Every structure is written in C-alpha cells, then in structure tokens.
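**Student:** Quick one, data_0.pdb (PDB, C-alpha atoms and all ligand atoms):
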```pdb
MODEL        1
ATOM      1  CA  MET A   1     -14.926   0.123 -13.509
ATOM      2  CA  ASP A   2     -17.448   2.281 -11.709
ATOM      3  CA  ASN A   3     -19.943  -0.258 -10.370
ATOM      4  CA  PHE A   4     -18.086  -1.032  -7.179
ATOM      5  CA  SER A   5     -20.096  -1.367  -3.990
ATOM      6  CA  HIS A   6     -17.381  -1.402  -1.307
ATOM      7  CA  ILE A   7     -14.940   1.175  -2.650
ATOM      8  CA  LEU A   8     -15.098   4.455  -4.567
ATOM      9  CA  ILE A   9     -12.600   5.283  -7.257
ATOM     10  CA  SER A  10     -11.813   8.401  -9.268
ATOM     11  CA  VAL A  11      -9.042   9.871 -11.340
ATOM     12  CA  GLU A  12      -7.635  13.260 -10.332
ATOM     13  CA  GLY A  13      -5.107  14.344 -12.949
ATOM     14  CA  PRO A  14      -2.321  11.741 -12.791
ATOM     15  CA  LEU A  15      -3.631  10.180  -9.559
ATOM     16  CA  GLY A  16      -5.823   7.126  -9.152
ATOM     17  CA  MET A  17      -7.855   7.698  -5.988
ATOM     18  CA  VAL A  18      -9.301   4.744  -4.078
ATOM     19  CA  GLN A  19     -11.537   5.210  -1.048
ATOM     20  CA  LEU A  20     -12.646   2.332   1.190
ATOM     21  CA  ASN A  21     -16.381   2.799   1.413
ATOM     22  CA  ARG A  22     -18.136   0.763   4.111
ATOM     23  CA  PRO A  23     -18.212   3.526   6.725
ATOM     24  CA  LYS A  24     -21.038   1.955   8.789
ATOM     25  CA  VAL A  25     -18.755  -0.956   9.704
ATOM     26  CA  LEU A  26     -15.555   1.116   9.850
ATOM     27  CA  ASN A  27     -14.570  -0.189   6.397
ATOM     28  CA  ALA A  28     -14.404  -3.808   7.546
ATOM     29  CA  ILE A  29     -12.669  -5.636   4.730
ATOM     30  CA  SER A  30     -14.964  -8.148   3.070
ATOM     31  CA  ARG A  31     -13.838 -10.558   0.372
ATOM     32  CA  GLU A  32     -15.756  -8.458  -2.129
ATOM     33  CA  MET A  33     -13.862  -5.352  -1.027
ATOM     34  CA  VAL A  34     -10.493  -7.039  -1.601
ATOM     35  CA  GLY A  35     -11.670  -8.182  -5.047
ATOM     36  CA  GLU A  36     -12.721  -4.630  -5.883
ATOM     37  CA  LEU A  37      -9.424  -3.223  -4.590
ATOM     38  CA  VAL A  38      -7.488  -5.618  -6.818
ATOM     39  CA  SER A  39      -9.596  -4.663  -9.853
ATOM     40  CA  ALA A  40      -9.148  -0.936  -9.168
ATOM     41  CA  PHE A  41      -5.410  -1.153  -8.529
ATOM     42  CA  GLU A  42      -4.787  -3.328 -11.586
ATOM     43  CA  HIS A  43      -6.919  -0.989 -13.692
ATOM     44  CA  PHE A  44      -4.861   2.030 -12.559
ATOM     45  CA  ASP A  45      -1.634   0.061 -12.993
ATOM     46  CA  ASN A  46      -2.537  -0.456 -16.666
ATOM     47  CA  CYS A  47      -3.734   3.086 -17.217
ATOM     48  CA  ASP A  48      -1.035   5.203 -18.917
ATOM     49  CA  ASP A  49      -2.378   8.484 -17.553
ATOM     50  CA  VAL A  50      -2.269   7.368 -13.912
ATOM     51  CA  ARG A  51       1.156   7.751 -12.313
ATOM     52  CA  ALA A  52       0.418   6.990  -8.633
ATOM     53  CA  ILE A  53      -2.397   5.611  -6.500
ATOM     54  CA  VAL A  54      -3.724   7.068  -3.227
ATOM     55  CA  LEU A  55      -5.644   4.747  -0.874
ATOM     56  CA  TYR A  56      -7.683   6.089   2.030
ATOM     57  CA  GLY A  57     -10.748   5.332   4.127
ATOM     58  CA  GLY A  58     -14.131   7.038   4.147
ATOM     59  CA  GLY A  59     -15.911   7.730   7.452
ATOM     60  CA  ARG A  60     -14.164   7.544  10.796
ATOM     61  CA  ALA A  61     -11.563   4.833  10.056
ATOM     62  CA  PHE A  62      -9.120   3.578   7.467
ATOM     63  CA  ALA A  63     -10.234  -0.030   8.149
ATOM     64  CA  ALA A  64     -11.013  -1.851  11.406
ATOM     65  CA  GLY A  65      -9.953  -5.241  10.075
ATOM     66  CA  ALA A  66     -11.313  -8.111   8.074
ATOM     67  CA  ASP A  67     -15.094  -8.415   8.194
ATOM     68  CA  ILE A  68     -15.671 -10.478  11.343
ATOM     69  CA  ASP A  69     -19.311 -11.205  10.477
ATOM     70  CA  GLU A  70     -18.267 -12.703   7.149
ATOM     71  CA  MET A  71     -15.423 -14.729   8.660
ATOM     72  CA  ALA A  72     -17.009 -15.965  11.880
ATOM     73  CA  ASN A  73     -18.485 -19.190  10.516
ATOM     74  CA  GLU A  74     -15.944 -20.025   7.855
ATOM     75  CA  SER A  75     -14.204 -23.372   7.920
ATOM     76  CA  THR A  76     -10.645 -24.189   6.923
ATOM     77  CA  ILE A  77     -12.025 -25.829   3.794
ATOM     78  CA  ASP A  78     -13.979 -22.667   2.922
ATOM     79  CA  PHE A  79     -10.704 -20.741   3.197
ATOM     80  CA  GLU A  80      -8.877 -23.249   1.020
ATOM     81  CA  LEU A  81     -11.595 -23.247  -1.649
ATOM     82  CA  LEU A  82     -12.225 -19.502  -1.602
ATOM     83  CA  ASN A  83      -8.478 -18.931  -1.974
ATOM     84  CA  GLN A  84      -9.022 -15.314  -1.001
ATOM     85  CA  PHE A  85      -5.402 -14.624  -0.185
ATOM     86  CA  SER A  86      -4.539 -14.878  -3.879
ATOM     87  CA  ASP A  87      -6.268 -11.485  -4.199
ATOM     88  CA  TRP A  88      -4.104 -10.107  -1.383
ATOM     89  CA  ASP A  89      -1.040 -11.427  -3.254
ATOM     90  CA  ARG A  90      -2.154  -9.542  -6.346
ATOM     91  CA  LEU A  91      -2.252  -6.298  -4.357
ATOM     92  CA  SER A  92       1.482  -6.593  -3.758
ATOM     93  CA  LYS A  93       2.153  -7.046  -7.476
ATOM     94  CA  VAL A  94       1.001  -3.529  -8.366
ATOM     95  CA  LYS A  95       3.914  -1.705  -9.982
ATOM     96  CA  LYS A  96       2.911   1.920  -9.529
ATOM     97  CA  PRO A  97       3.481   3.755  -6.234
ATOM     98  CA  ILE A  98       0.672   3.294  -3.700
ATOM     99  CA  ILE A  99       0.417   5.990  -1.045
ATOM    100  CA  GLY A 100      -1.722   4.983   1.925
ATOM    101  CA  ALA A 101      -3.415   7.672   4.016
ATOM    102  CA  VAL A 102      -4.538   6.272   7.374
ATOM    103  CA  HIS A 103      -6.876   7.911   9.865
ATOM    104  CA  GLY A 104      -8.885   6.507  12.750
ATOM    105  CA  PHE A 105      -8.297   2.765  13.021
ATOM    106  CA  ALA A 106      -5.989   0.512  11.004
ATOM    107  CA  LEU A 107      -6.565  -2.840  12.703
ATOM    108  CA  GLY A 108      -5.956  -6.452  11.733
ATOM    109  CA  GLY A 109      -6.540  -6.809   7.995
ATOM    110  CA  GLY A 110      -6.794  -2.994   7.851
ATOM    111  CA  PHE A 111      -3.276  -2.703   9.233
ATOM    112  CA  GLU A 112      -2.156  -5.399   6.771
ATOM    113  CA  LEU A 113      -3.692  -3.402   3.940
ATOM    114  CA  ALA A 114      -1.814  -0.314   5.142
ATOM    115  CA  LEU A 115       1.397  -2.370   5.271
ATOM    116  CA  SER A 116       0.825  -3.339   1.622
ATOM    117  CA  CYS A 117       1.133   0.327   0.628
ATOM    118  CA  ASP A 118       4.523   1.706  -0.385
ATOM    119  CA  ILE A 119       4.451   4.931   1.636
ATOM    120  CA  LEU A 120       2.201   5.619   4.602
ATOM    121  CA  PHE A 121       0.851   8.971   5.694
ATOM    122  CA  ALA A 122      -1.035   8.887   8.991
ATOM    123  CA  ALA A 123      -3.318  11.365  10.689
ATOM    124  CA  GLU A 124      -2.116  12.222  14.185
ATOM    125  CA  ASP A 125      -5.222  10.492  15.577
ATOM    126  CA  ALA A 126      -4.643   7.189  13.767
ATOM    127  CA  LYS A 127      -4.278   3.941  15.723
ATOM    128  CA  PHE A 128      -2.611   0.755  14.537
ATOM    129  CA  GLY A 129      -2.902  -2.736  15.959
ATOM    130  CA  PHE A 130      -3.496  -6.440  15.527
ATOM    131  CA  PRO A 131      -6.457  -7.391  17.767
ATOM    132  CA  GLU A 132      -6.638 -10.946  16.330
ATOM    133  CA  VAL A 133      -5.373 -12.447  19.628
ATOM    134  CA  ASN A 134      -8.606 -11.217  21.214
ATOM    135  CA  LEU A 135     -10.613 -13.181  18.639
ATOM    136  CA  GLY A 136      -8.693 -16.446  18.910
ATOM    137  CA  VAL A 137      -6.970 -16.030  15.552
ATOM    138  CA  MET A 138      -3.871 -14.304  14.190
ATOM    139  CA  PRO A 139      -2.909 -12.040  11.287
ATOM    140  CA  GLY A 140      -3.272 -13.902   7.991
ATOM    141  CA  ALA A 141      -2.645 -11.366   5.233
ATOM    142  CA  GLY A 142       1.042 -10.745   5.853
ATOM    143  CA  GLY A 143       0.980  -9.016   9.250
ATOM    144  CA  THR A 144       3.472 -11.287  11.023
ATOM    145  CA  GLN A 145       5.804 -11.189   8.027
ATOM    146  CA  ARG A 146       5.625  -7.581   6.865
ATOM    147  CA  LEU A 147       5.724  -6.045  10.342
ATOM    148  CA  THR A 148       8.653  -8.246  11.404
ATOM    149  CA  LYS A 149      10.688  -7.337   8.326
ATOM    150  CA  LEU A 150       9.901  -3.691   8.938
ATOM    151  CA  ILE A 151      10.565  -3.291  12.685
ATOM    152  CA  GLY A 152      12.321  -6.489  13.796
ATOM    153  CA  ARG A 153      11.274  -9.672  15.581
ATOM    154  CA  THR A 154      10.911  -8.624  19.205
ATOM    155  CA  ARG A 155       9.067  -5.395  18.527
ATOM    156  CA  ALA A 156       6.710  -7.154  16.109
ATOM    157  CA  LEU A 157       6.064  -9.958  18.585
ATOM    158  CA  GLU A 158       5.307  -7.491  21.379
ATOM    159  CA  TRP A 159       2.842  -5.562  19.216
ATOM    160  CA  ILE A 160       1.050  -8.571  17.710
ATOM    161  CA  TRP A 161       1.018 -10.555  20.981
ATOM    162  CA  ASP A 162      -0.490  -7.865  23.188
ATOM    163  CA  GLY A 163      -3.093  -6.957  20.541
ATOM    164  CA  GLU A 164      -3.051  -3.360  21.705
ATOM    165  CA  MET A 165      -3.274  -0.283  19.534
ATOM    166  CA  ARG A 166      -0.246   1.959  19.121
ATOM    167  CA  THR A 167      -0.606   5.639  18.278
ATOM    168  CA  ALA A 168       0.393   7.095  14.929
ATOM    169  CA  LYS A 169       3.318   8.779  16.704
ATOM    170  CA  GLU A 170       4.603   5.411  17.956
ATOM    171  CA  ALA A 171       4.089   3.887  14.514
ATOM    172  CA  LYS A 172       6.112   6.740  13.035
ATOM    173  CA  GLU A 173       8.916   6.247  15.568
ATOM    174  CA  LEU A 174       9.022   2.542  14.681
ATOM    175  CA  GLY A 175       9.319   3.342  10.977
ATOM    176  CA  VAL A 176       5.899   1.959  10.017
ATOM    177  CA  VAL A 177       4.564   5.390   9.113
ATOM    178  CA  ASN A 178       6.492   7.793   6.878
ATOM    179  CA  ARG A 179       4.731  11.027   7.809
ATOM    180  CA  LEU A 180       2.341  12.317  10.442
ATOM    181  CA  VAL A 181      -0.238  14.845   9.307
ATOM    182  CA  ALA A 182      -3.043  16.843  10.921
ATOM    183  CA  PRO A 183      -6.266  14.833  10.349
ATOM    184  CA  GLU A 184      -7.935  17.513   8.215
ATOM    185  CA  LEU A 185      -4.919  17.666   5.877
ATOM    186  CA  LEU A 186      -4.301  13.929   5.558
ATOM    187  CA  VAL A 187      -5.624  13.156   2.090
ATOM    188  CA  ASP A 188      -4.390  16.468   0.645
ATOM    189  CA  GLU A 189      -0.873  15.838   1.942
ATOM    190  CA  ALA A 190      -0.892  12.284   0.575
ATOM    191  CA  LYS A 191      -2.069  13.644  -2.782
ATOM    192  CA  LYS A 192       0.622  16.324  -2.745
ATOM    193  CA  TYR A 193       3.318  13.693  -2.276
ATOM    194  CA  ALA A 194       1.727  11.482  -4.946
ATOM    195  CA  MET A 195       1.714  14.484  -7.334
ATOM    196  CA  LYS A 196       5.413  14.958  -6.712
ATOM    197  CA  LEU A 197       5.983  11.316  -7.687
ATOM    198  CA  ALA A 198       3.772  11.810 -10.742
ATOM    199  CA  SER A 199       6.269  14.338 -12.104
ATOM    200  CA  LYS A 200       9.146  11.818 -12.000
ATOM    201  CA  ALA A 201      10.076   9.288 -14.669
ATOM    202  CA  PRO A 202       7.455   6.495 -14.316
ATOM    203  CA  LEU A 203       9.823   3.714 -15.347
ATOM    204  CA  SER A 204      12.354   4.886 -12.764
ATOM    205  CA  LEU A 205       9.696   4.754 -10.040
ATOM    206  CA  ARG A 206       8.605   1.327 -11.222
ATOM    207  CA  LEU A 207      12.062  -0.223 -11.268
ATOM    208  CA  ILE A 208      13.028   1.431  -7.978
ATOM    209  CA  LYS A 209       9.974  -0.190  -6.335
ATOM    210  CA  ASP A 210      10.883  -3.510  -7.939
ATOM    211  CA  SER A 211      14.490  -3.277  -6.714
ATOM    212  CA  VAL A 212      13.646  -2.074  -3.198
ATOM    213  CA  ASN A 213      11.110  -4.891  -2.827
ATOM    214  CA  LYS A 214      13.810  -7.394  -3.769
ATOM    215  CA  ALA A 215      15.999  -6.049  -0.935
ATOM    216  CA  VAL A 216      13.500  -7.581   1.511
ATOM    217  CA  ASP A 217      14.116 -11.134   0.259
ATOM    218  CA  TYR A 218      17.505 -11.139  -1.453
ATOM    219  CA  SER A 219      21.005 -11.233  -0.015
ATOM    220  CA  LEU A 220      22.952  -7.999  -0.465
ATOM    221  CA  TYR A 221      24.946  -9.554  -3.319
ATOM    222  CA  GLU A 222      21.865 -10.823  -5.170
ATOM    223  CA  GLY A 223      20.098  -7.525  -4.599
ATOM    224  CA  MET A 224      23.030  -5.535  -5.998
ATOM    225  CA  GLN A 225      23.072  -7.714  -9.125
ATOM    226  CA  TYR A 226      19.328  -7.232  -9.517
ATOM    227  CA  GLU A 227      19.581  -3.474  -9.047
ATOM    228  CA  ARG A 228      22.316  -3.263 -11.663
ATOM    229  CA  LYS A 229      20.183  -4.988 -14.311
ATOM    230  CA  ASN A 230      17.321  -2.573 -13.649
ATOM    231  CA  PHE A 231      19.777   0.336 -13.865
ATOM    232  CA  TYR A 232      20.987  -0.936 -17.257
ATOM    233  CA  LEU A 233      17.400  -1.449 -18.392
ATOM    234  CA  LEU A 234      16.531   2.211 -17.913
ATOM    235  CA  PHE A 235      19.139   3.145 -20.521
ATOM    236  CA  SER A 236      16.834   1.652 -23.163
ATOM    237  CA  SER A 237      14.065   4.058 -22.209
ATOM    238  CA  GLU A 238      13.129   7.248 -24.036
ATOM    239  CA  ASP A 239      12.779   8.913 -20.641
ATOM    240  CA  GLN A 240      16.461   8.352 -19.844
ATOM    241  CA  LYS A 241      17.362  10.190 -23.080
ATOM    242  CA  GLU A 242      14.830  12.924 -22.310
ATOM    243  CA  GLY A 243      15.870  13.299 -18.648
ATOM    244  CA  MET A 244      19.557  13.684 -19.386
ATOM    245  CA  LYS A 245      18.982  15.871 -22.454
ATOM    246  CA  ALA A 246      16.706  18.171 -20.423
ATOM    247  CA  PHE A 247      19.382  18.479 -17.736
ATOM    248  CA  ILE A 248      22.002  19.450 -20.332
ATOM    249  CA  GLU A 249      19.603  21.900 -22.010
ATOM    250  CA  LYS A 250      18.673  23.359 -18.581
ATOM    251  CA  ARG A 251      14.936  22.724 -18.949
ATOM    252  CA  LYS A 252      12.322  20.568 -17.249
ATOM    253  CA  PRO A 253      12.065  17.025 -18.597
ATOM    254  CA  HIS A 254       8.871  15.766 -20.144
ATOM    255  CA  PHE A 255       8.530  12.114 -19.161
ATOM    256  CA  ARG A 256       6.232   9.772 -21.091
ATOM    257  CA  GLY A 257       6.821   6.517 -19.252
ATOM    258  CA  ARG A 258       8.416   4.900 -22.307
TER     259      ARG A 258
HETATM  260  N1  LIG A 301     -15.748  -6.575  11.142
HETATM  261  C1  LIG A 301     -17.093  -6.365  11.076
HETATM  262  N2  LIG A 301     -17.712  -5.274  11.642
HETATM  263  C2  LIG A 301     -16.942  -4.386  12.283
HETATM  264  C3  LIG A 301     -15.546  -4.534  12.383
HETATM  265  C4  LIG A 301     -14.938  -5.694  11.779
HETATM  266  N3  LIG A 301     -13.615  -5.910  11.784
HETATM  267  N4  LIG A 301     -15.046  -3.490  13.094
HETATM  268  C5  LIG A 301     -16.105  -2.705  13.417
HETATM  269  N5  LIG A 301     -17.245  -3.233  12.919
HETATM  270  C6  LIG A 301     -18.599  -2.697  13.040
HETATM  271  C7  LIG A 301     -19.176  -2.878  14.437
HETATM  272  O1  LIG A 301     -19.697  -4.175  14.608
HETATM  273  C8  LIG A 301     -20.238  -1.795  14.475
HETATM  274  O2  LIG A 301     -21.357  -2.251  13.754
HETATM  275  P1  LIG A 301     -22.859  -1.982  14.375
HETATM  276  O3  LIG A 301     -23.004  -0.479  14.392
HETATM  277  O4  LIG A 301     -23.754  -2.655  13.394
HETATM  278  O5  LIG A 301     -22.861  -2.580  15.738
HETATM  279  C9  LIG A 301     -19.621  -0.667  13.651
HETATM  280  O6  LIG A 301     -18.570  -1.274  12.863
HETATM  281  C10 LIG A 301     -18.991   0.415  14.491
HETATM  282  O7  LIG A 301     -18.091  -0.193  15.391
HETATM  283  P2  LIG A 301     -18.161   0.026  16.996
HETATM  284  O8  LIG A 301     -19.544   0.407  17.433
HETATM  285  O9  LIG A 301     -17.521  -1.153  17.642
HETATM  286  O10 LIG A 301     -17.233   1.309  17.125
HETATM  287  P3  LIG A 301     -16.316   1.733  18.373
HETATM  288  O11 LIG A 301     -15.802   3.098  18.065
HETATM  289  O12 LIG A 301     -17.039   1.514  19.661
HETATM  290  O13 LIG A 301     -15.089   0.702  18.355
HETATM  291  C11 LIG A 301     -13.293  -0.555  17.310
HETATM  292  C12 LIG A 301     -14.170   0.732  17.285
HETATM  293  C13 LIG A 301     -12.423  -0.542  18.562
HETATM  294  C14 LIG A 301     -12.435  -0.515  16.065
HETATM  295  C15 LIG A 301     -14.233  -1.796  17.317
HETATM  296  O14 LIG A 301     -15.180  -1.673  16.291
HETATM  297  C16 LIG A 301     -13.488  -3.091  17.104
HETATM  298  O15 LIG A 301     -12.869  -3.591  18.025
HETATM  299  N6  LIG A 301     -13.574  -3.658  15.877
HETATM  300  C17 LIG A 301     -12.969  -4.933  15.563
HETATM  301  C18 LIG A 301     -11.493  -4.811  15.383
HETATM  302  C19 LIG A 301     -10.868  -6.158  15.094
HETATM  303  O16 LIG A 301     -10.932  -7.065  15.896
HETATM  304  N7  LIG A 301     -10.216  -6.282  13.929
HETATM  305  C20 LIG A 301      -9.554  -7.489  13.526
HETATM  306  C21 LIG A 301     -10.472  -8.353  12.723
HETATM  307  S1  LIG A 301      -9.766  -9.937  12.342
HETATM  308  C22 LIG A 301      -8.718  -9.633  11.051
HETATM  309  O17 LIG A 301      -8.608  -8.548  10.598
HETATM  310  C23 LIG A 301      -7.956 -10.810  10.543
HETATM  311  C24 LIG A 301      -7.240 -10.485   9.248
HETATM  312  C25 LIG A 301      -6.919 -11.754   8.568
HETATM  313  C26 LIG A 301      -6.539 -11.557   7.119
HETATM  314  C27 LIG A 301      -7.640 -11.062   6.230
HETATM  315  C28 LIG A 301      -8.523 -12.188   5.747
HETATM  316  C29 LIG A 301      -9.634 -11.691   4.849
ENDMDL
END
```
Since I need it in another form, could you write the structure as structure tokens?
Ligand code: CO8

**Tutor:**
Amino acid sequence: MDNFSHILISVEGPLGMVQLNRPKVLNAISREMVGELVSAFEHFDNCDDVRAIVLYGGGRAFAAGADIDEMANESTIDFELLNQFSDWDRLSKVKKPIIGAVHGFALGGGFELALSCDILFAAEDAKFGFPEVNLGVMPGAGGTQRLTKLIGRTRALEWIWDGEMRTAKEAKELGVVNRLVAPELLVDEAKKYAMKLASKAPLSLRLIKDSVNKAVDYSLYEGMQYERKNFYLLFSSEDQKEGMKAFIEKRKPHFRGR
C-alpha cells in the first residue's frame, strides 16, 4: 500500500489521508495516478479503523487536469482498450465519506475529481474550471453530467462552454463548494469535519451516502422507497441498539460500525 509514486497516503487516527503528489506538473492526473487513487480509496474503504477519507493536493494546486502530455497522442482505440474510465467509475463506488480539500487549481479532470468527492472544502484562492474547449476536447470523467445535476443546465453550459475559471467564492455560491476556508487552514478544517463524521455511526453514514446518491437518479417515489429500506436495515445493526441505549442512559454512544 505504500509504494505509490503519484500519491501519498497515511492514516491519522480514524482518517485516511490521500495527497495528490505530482507537484511539478500541478498534480496532472495520469492514468497511473487514477489507478493509485482507486487502490488507496478501496483500501481505506475496507479498513475498519478508517471512518472517513480526506483528499487534497500537494504543491500549489489540487489538480490542473488530466495529464495532457500523456493524452496528446492517444487514439480512440487506445481509449477503448485502456478502458481507463472504469477506474473513475470505481472512485464513485467508495462507500465511506470522502472530503475533498481544494486549493489553487481544480481544472478539467481535477475539477471532475473534486466533483467525485462527497463534501468539498475550498481555499479562498481556489479556482475551478473546464478548459477542455481550449484543447479541442471536452470533459470526459463526468464533468458535463455531475456539474449539470449539481447546478442546472444553463449554468453548467455557460461554465463548461466558456472554459473560464470561476473563483472559490462563485463555486460556493453555486453550491459546488460546501465551505470556504483560509488557505493555510484548508486541510486542518477538512480534517476537523472528517473527524466529526468519524464520531458518527459508520453504517448510518454509509447508508445515507447510498440513499442521497440514489436521489440523483431516482424519481422521488423510487427514492423514498429506497430510503425506507435503508432505514429498516439500520435496525439490524448493533450501532442502532447502542445509539438509542446511550441516549436513554444519557451517555455518549460507542459505535463499532456493526
Ligand atoms: N497536464 C500536464 N502538465 C500540466 C498540466 C496538465 N493538465 N497542467 C500543468 N502542467 C504542467 C505545465 O506543463 C508545467 O510544466 P513545465 O514546468 O514542465 O513546463 C507545470 O505543470 C506548471 O504549469 P505552468 O507553468 O503552466 O503554471 P502556470 O501557473 O503558468 O499556469 C495553469 C497554471 C493555468 C493551470 C496551466 O498550467 C494550465 O493551463 N494547465 C492546463 C490546464 C488544462 O487545460 N486542464 C485540462 C486538461 S484536459 C482534461 O482534464 C480532460 C479530462 C478528461 C477526463 C480524464 C481522462 C483521464
């Protein structure tokens, strides 16, 4: 788990920390980096002691997009055979909370990676955009879909069409970013929030994420049915017994994620 070359990982108490680590190229996202991210996230997802994951960038950016040097000469057949988007799909199957902490640039694939996180903290100096139109391509790792579902069709079109960067403040106003933070406090604030989540019942967090994600695709009726089943499911957990017993006994619950 520790011989990655494009990311750095560590465990801090109940948090799985993942740092993008190609600072010389502003953390340009290579295929290898996505593969490493998937391995790290899936490792933390299967690790009982880890309750939440924090993703951030080393150097002066979160990530300035997919690695243009790697992509420049690829053919459509290369893309088909490499099947690299299956790794991106795996990122969205992670069940634990992923808190993204964005500073500097989140562009193209870097913005798509940020949009794959569950909660986004951004430094006040962060900039978000899809410059693909300046390269003769378009977002390919969910940008047109995720951004549209998040902020609506016309606002997404405007942003992706003009290819310009929006400030963290604008991204916050549009609902893309949850919280704005002073740059020097960014990772600490993201960790603080992740620690708060780490004290909650893990199965509750997991099934809430599962249910909220379904709201994006399901009709209200289907979503309500789905939510209900997850609600019922939690009544088979030890943590439901512990949580309610602790409330009645006026003490803090001790959740085990079972
Ligand atoms: N790919 C490769 N190298 C990059 C990238 C990138 N996306 N971004 C920056 N770099 C490199 C630069 O080439 C430079 O390297 P060197 O020092 O060897 O010349 C180094 O990082 C530092 O960059 P700059 O000197 O350009 O730094 P500036 O502060 O002057 O500019 C910018 C910062 C504005 C962020 C500028 O670097 C830039 O415009 N970068 C490209 C942004 C971009 O176009 N991103 C979109 C890429 S396409 C994409 O993401 C498609 C996603 C599709 C799905 C994913 C499929 C895998």

**Student:** Box along x, y and z, 8 Å on every side, all listed atoms of ligand LIG 301 (chain A) inside: centre and edge lengths in Å to one decimal, as lines of an AutoDock Vina configuration file.

**Tutor:**
```
center_x = -15.1
center_y = -4.5
center_z = 12.3
size_x = 33.2
size_y = 31.3
size_z = 30.8
```

**Student:** For the PyMOL selection byres (((chain A and resi 132) around 10) and not hetatm), applied here, can you spell out every residue it catches as JSON, numbers by chain?

**Tutor:** {"A": [65, 66, 107, 108, 109, 129, 130, 131, 133, 134, 135, 136, 137, 138, 139, 140, 160, 161, 162, 163, 164]}

**Student:** What lies within 7 Å of range 37-44 of chain A using all atoms listed in the file, ignoring chain neighbours under 3 positions off, as a PyMOL selection string?

**Tutor:** chain A and resi 16+33-34+47+50+87+90-91+94

**Student:** In Å, how far is it from CA of Ser86 in chain A to CA of Ala141 in chain A?

**Tutor:**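 Computing the Euclidean distance for CA of Ser86 in chain A and CA of Ala141 in chain A yields 9.9 Å.
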
**Student:** Under the rule that only C-alpha atoms and all ligand atoms are counted, which of A:Tyr56, A:Tyr218, A:Tyr226, A:Phe111 is the nearest residue to ligand LIG 301 (chain A)?

**Tutor:** A:Phe111

**Student:** Neighbours of Leu174 in chain A within 9 Å (all atoms listed in the file; same-chain residues fewer than 3 positions away dropped), as a CSV table (one decimal) with C-alpha atoms, in the coordinates of the input?

**Tutor:**
```csv
chain,number,residue,atom,x,y,z
A,150,LEU,CA,9.9,-3.7,8.9
A,151,ILE,CA,10.6,-3.3,12.7
A,155,ARG,CA,9.1,-5.4,18.5
A,169,LYS,CA,3.3,8.8,16.7
A,170,GLU,CA,4.6,5.4,18.0
A,171,ALA,CA,4.1,3.9,14.5
A,177,VAL,CA,4.6,5.4,9.1
```

**Student:** Quick one: residues within 7 Å of Asp118 in chain A, all atoms listed in the file counted, chain neighbours fewer than 2 positions away excluded, as a count of residues only?

**Tutor:** 5

**Student:** May I ask which of the residues A:Ile9, A:Gly142, A:Ala126, A:Asp45 is the closest one to ligand LIG 301 (chain A), counting all atoms listed in the file?

**Tutor:**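 Using all atoms listed in the file, ligand LIG 301 (chain A) sits closest to A:Gly142.
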
**Student:** Evaluated on this file, the PyMOL selection byres (((chain A and resi 237-251) around 12) and not hetatm) picks out some residues - which ones are they, written as a PyMOL selection string?

**Tutor:** chain A and resi 199-205+207+230-236+252-258

**Student:** Using all atoms listed in the file, determine which residues lie at most 8 Å from Ala198 in chain A, disregarding the query and same-chain residues fewer than 5 positions distant; provide the list as a list of chain:residue names.

**Tutor:**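 The residues satisfying every condition are A:Pro14, A:Leu15, A:Arg51, A:Ala52.
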
**Student:** Would you mind telling me which residue in A:Asn213, A:Asn73, A:Thr167, A:Gln84 lies nearest to ligand LIG 301 (chain A) when using all atoms listed in the file?

**Tutor:**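 Ranking A:Asn213, A:Asn73, A:Thr167, A:Gln84 by distance to ligand LIG 301 (chain A), first place goes to A:Gln84.
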
**Student:** Using all atoms listed in the file, find the one residue out of A:Asp69, A:Asp78, A:Asp49, A:Glu12 that sits nearest to ligand LIG 301 (chain A).

**Tutor:**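 Of A:Asp69, A:Asp78, A:Asp49, A:Glu12, the one nearest ligand LIG 301 (chain A) is A:Asp69, counting all atoms listed in the file.
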